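J.: One structure coming up, written as structure tokens, with questions to follow.
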Amino acid sequence: MNVWIAIGLTVAGCYLAKLAGLLVPAGVLERPVVQRLAALLPVALLAALTAQQTFGDGQHLVLDARAAGLAAAALALVLRAPFLVVVGAAVVVTAGVRALG
């Protein structure tokens with residue numbers, strides 16, 4: 001029963017967050033600070049999720065093949081490789097490190 005209560009509260013919270021976003025006046029959304037924050041927020045969220053999935057394992061900090069794949073992707077990005085090459089480099093390096101270790 002506790003799971004259904006948590007699901008219900010999550011649904012209500014998501015709905016209220018969406019409703020609050022719709023009720024914000026247009027003048028507030030047109031402010032330069034709000035526009036900069038809205039542009040940077042998805043990048044920060046994606047970076048946090050990537051770091052958590054790469055270096056986290058439950059309650060522990062780990063350094064394994066995923067970190068090597070992330071480093072390969074970062075190197076490919078620095079070299080201005082196309083997106084598919086970045087993803088491919090990460091996949092190949094992660095698989096290679098896992099195969100060796």
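Here's how to read the names in the structure tokens: chain A, B, ... by the order shown, residue numbers from 1 in each chain, ligand numbers from 1 in the order shown.
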Write down as a PDB file with C-alpha atoms, in the first residue's frame the residues of range 2-97 of chain A whose backbone DSSP state falls under helix (DSSP H, G or I).
T.:
ATOM      1  CA  ASN A   2       2.888   2.365   0.734  1.00  0.00           C
ATOM      2  CA  VAL A   3       4.072   2.072  -2.863  1.00  0.00           C
ATOM      3  CA  TRP A   4       0.697   3.255  -4.171  1.00  0.00           C
ATOM      4  CA  ILE A   5       0.717   6.182  -1.768  1.00  0.00           C
ATOM      5  CA  ALA A   6       4.183   7.160  -3.017  1.00  0.00           C
ATOM      6  CA  ILE A   7       3.036   6.826  -6.636  1.00  0.00           C
ATOM      7  CA  GLY A   8      -0.049   8.948  -5.943  1.00  0.00           C
ATOM      8  CA  LEU A   9       1.996  11.654  -4.228  1.00  0.00           C
ATOM      9  CA  THR A  10       4.478  11.663  -7.105  1.00  0.00           C
ATOM     10  CA  VAL A  11       1.688  11.995  -9.655  1.00  0.00           C
ATOM     11  CA  ALA A  12       0.114  14.852  -7.702  1.00  0.00           C
ATOM     12  CA  GLY A  13       3.497  16.581  -7.308  1.00  0.00           C
ATOM     13  CA  CYS A  14       4.261  16.312 -11.033  1.00  0.00           C
ATOM     14  CA  TYR A  15       0.833  17.663 -11.922  1.00  0.00           C
ATOM     15  CA  LEU A  16       1.206  20.591  -9.513  1.00  0.00           C
ATOM     16  CA  ALA A  17       4.694  21.379 -10.867  1.00  0.00           C
ATOM     17  CA  LYS A  18       3.317  21.394 -14.412  1.00  0.00           C
ATOM     18  CA  LEU A  19       0.389  23.572 -13.345  1.00  0.00           C
ATOM     19  CA  ALA A  20       2.711  25.997 -11.557  1.00  0.00           C
ATOM     20  CA  GLY A  21       4.795  26.298 -14.734  1.00  0.00           C
ATOM     21  CA  LEU A  22       1.710  27.150 -16.751  1.00  0.00           C
ATOM     22  CA  LEU A  23       0.594  29.792 -14.260  1.00  0.00           C
ATOM     23  CA  ALA A  26       4.925  35.650 -19.440  1.00  0.00           C
ATOM     24  CA  GLY A  27       6.824  38.694 -18.142  1.00  0.00           C
ATOM     25  CA  VAL A  28       8.740  36.533 -15.686  1.00  0.00           C
ATOM     26  CA  LEU A  29       9.714  34.062 -18.411  1.00  0.00           C
ATOM     27  CA  PRO A  32      17.228  37.430 -19.335  1.00  0.00           C
ATOM     28  CA  VAL A  33      18.236  35.664 -16.120  1.00  0.00           C
ATOM     29  CA  VAL A  34      15.351  33.210 -16.413  1.00  0.00           C
ATOM     30  CA  GLN A  35      16.137  32.539 -20.074  1.00  0.00           C
ATOM     31  CA  ARG A  36      19.827  31.871 -19.307  1.00  0.00           C
ATOM     32  CA  LEU A  37      18.876  29.580 -16.449  1.00  0.00           C
ATOM     33  CA  ALA A  38      16.372  27.719 -18.613  1.00  0.00           C
ATOM     34  CA  ALA A  39      19.052  27.217 -21.272  1.00  0.00           C
ATOM     35  CA  LEU A  40      21.659  25.922 -18.805  1.00  0.00           C
ATOM     36  CA  LEU A  41      19.446  23.786 -16.583  1.00  0.00           C
ATOM     37  CA  PRO A  42      19.045  20.816 -18.979  1.00  0.00           C
ATOM     38  CA  VAL A  43      22.808  20.684 -19.537  1.00  0.00           C
ATOM     39  CA  ALA A  44      23.490  20.669 -15.804  1.00  0.00           C
ATOM     40  CA  LEU A  45      20.853  18.010 -15.205  1.00  0.00           C
ATOM     41  CA  LEU A  46      22.234  15.787 -17.962  1.00  0.00           C
ATOM     42  CA  ALA A  47      25.769  16.206 -16.612  1.00  0.00           C
ATOM     43  CA  ALA A  48      24.630  15.249 -13.115  1.00  0.00           C
ATOM     44  CA  LEU A  49      22.784  12.184 -14.386  1.00  0.00           C
ATOM     45  CA  THR A  50      25.796  11.129 -16.464  1.00  0.00           C
ATOM     46  CA  ALA A  51      28.144  11.501 -13.496  1.00  0.00           C
ATOM     47  CA  GLN A  52      25.805   9.551 -11.220  1.00  0.00           C
ATOM     48  CA  GLN A  53      25.389   6.705 -13.723  1.00  0.00           C
ATOM     49  CA  THR A  54      29.122   6.601 -14.508  1.00  0.00           C
ATOM     50  CA  PHE A  55      30.667   6.842 -11.063  1.00  0.00           C
ATOM     51  CA  ALA A  65      34.954   0.663 -17.564  1.00  0.00           C
ATOM     52  CA  ARG A  66      32.189   3.255 -17.689  1.00  0.00           C
ATOM     53  CA  ALA A  67      34.675   5.956 -16.661  1.00  0.00           C
ATOM     54  CA  ALA A  68      37.009   4.924 -19.488  1.00  0.00           C
ATOM     55  CA  GLY A  69      34.116   5.144 -21.947  1.00  0.00           C
ATOM     56  CA  LEU A  70      33.188   8.581 -20.655  1.00  0.00           C
ATOM     57  CA  ALA A  71      36.811   9.708 -21.025  1.00  0.00           C
ATOM     58  CA  ALA A  72      36.859   8.433 -24.621  1.00  0.00           C
ATOM     59  CA  ALA A  73      33.636  10.303 -25.366  1.00  0.00           C
ATOM     60  CA  ALA A  74      35.052  13.472 -23.811  1.00  0.00           C
ATOM     61  CA  LEU A  75      38.189  13.159 -25.923  1.00  0.00           C
ATOM     62  CA  ALA A  76      36.100  12.677 -29.060  1.00  0.00           C
ATOM     63  CA  LEU A  77      34.097  15.781 -28.160  1.00  0.00           C
ATOM     64  CA  VAL A  78      37.267  17.810 -27.664  1.00  0.00           C
ATOM     65  CA  PHE A  83      27.829  12.628 -32.376  1.00  0.00           C
ATOM     66  CA  LEU A  84      27.766   9.038 -33.659  1.00  0.00           C
ATOM     67  CA  VAL A  85      31.554   8.847 -33.457  1.00  0.00           C
ATOM     68  CA  VAL A  86      31.417  10.114 -29.858  1.00  0.00           C
ATOM     69  CA  VAL A  87      28.882   7.452 -28.902  1.00  0.00           C
ATOM     70  CA  GLY A  88      30.750   4.779 -30.835  1.00  0.00           C
ATOM     71  CA  ALA A  89      34.046   5.640 -29.157  1.00  0.00           C
ATOM     72  CA  ALA A  90      32.424   5.416 -25.738  1.00  0.00           C
ATOM     73  CA  VAL A  91      30.861   2.055 -26.548  1.00  0.00           C
ATOM     74  CA  VAL A  92      34.017   0.547 -28.039  1.00  0.00           C
ATOM     75  CA  VAL A  93      36.286   1.715 -25.216  1.00  0.00           C
ATOM     76  CA  THR A  94      33.839   0.592 -22.499  1.00  0.00           C
ATOM     77  CA  ALA A  95      33.445  -2.833 -24.131  1.00  0.00           C
ATOM     78  CA  GLY A  96      37.194  -3.136 -24.603  1.00  0.00           C
ATOM     79  CA  VAL A  97      37.988  -2.323 -20.982  1.00  0.00           C
TER      80      VAL A  97
END
J.: Please indicate the distance in Å from CA of Ala99 in chain A to CA of Asp57 in chain A, rounded to one decimal place.
T.: 19.8 Å
J.: With only C-alpha atoms as the basis for distance, which of A:Gln59, A:Arg31, A:Met1, A:Asp64 is at the shortest distance from Arg98 in chain A?
T.: A:Asp64
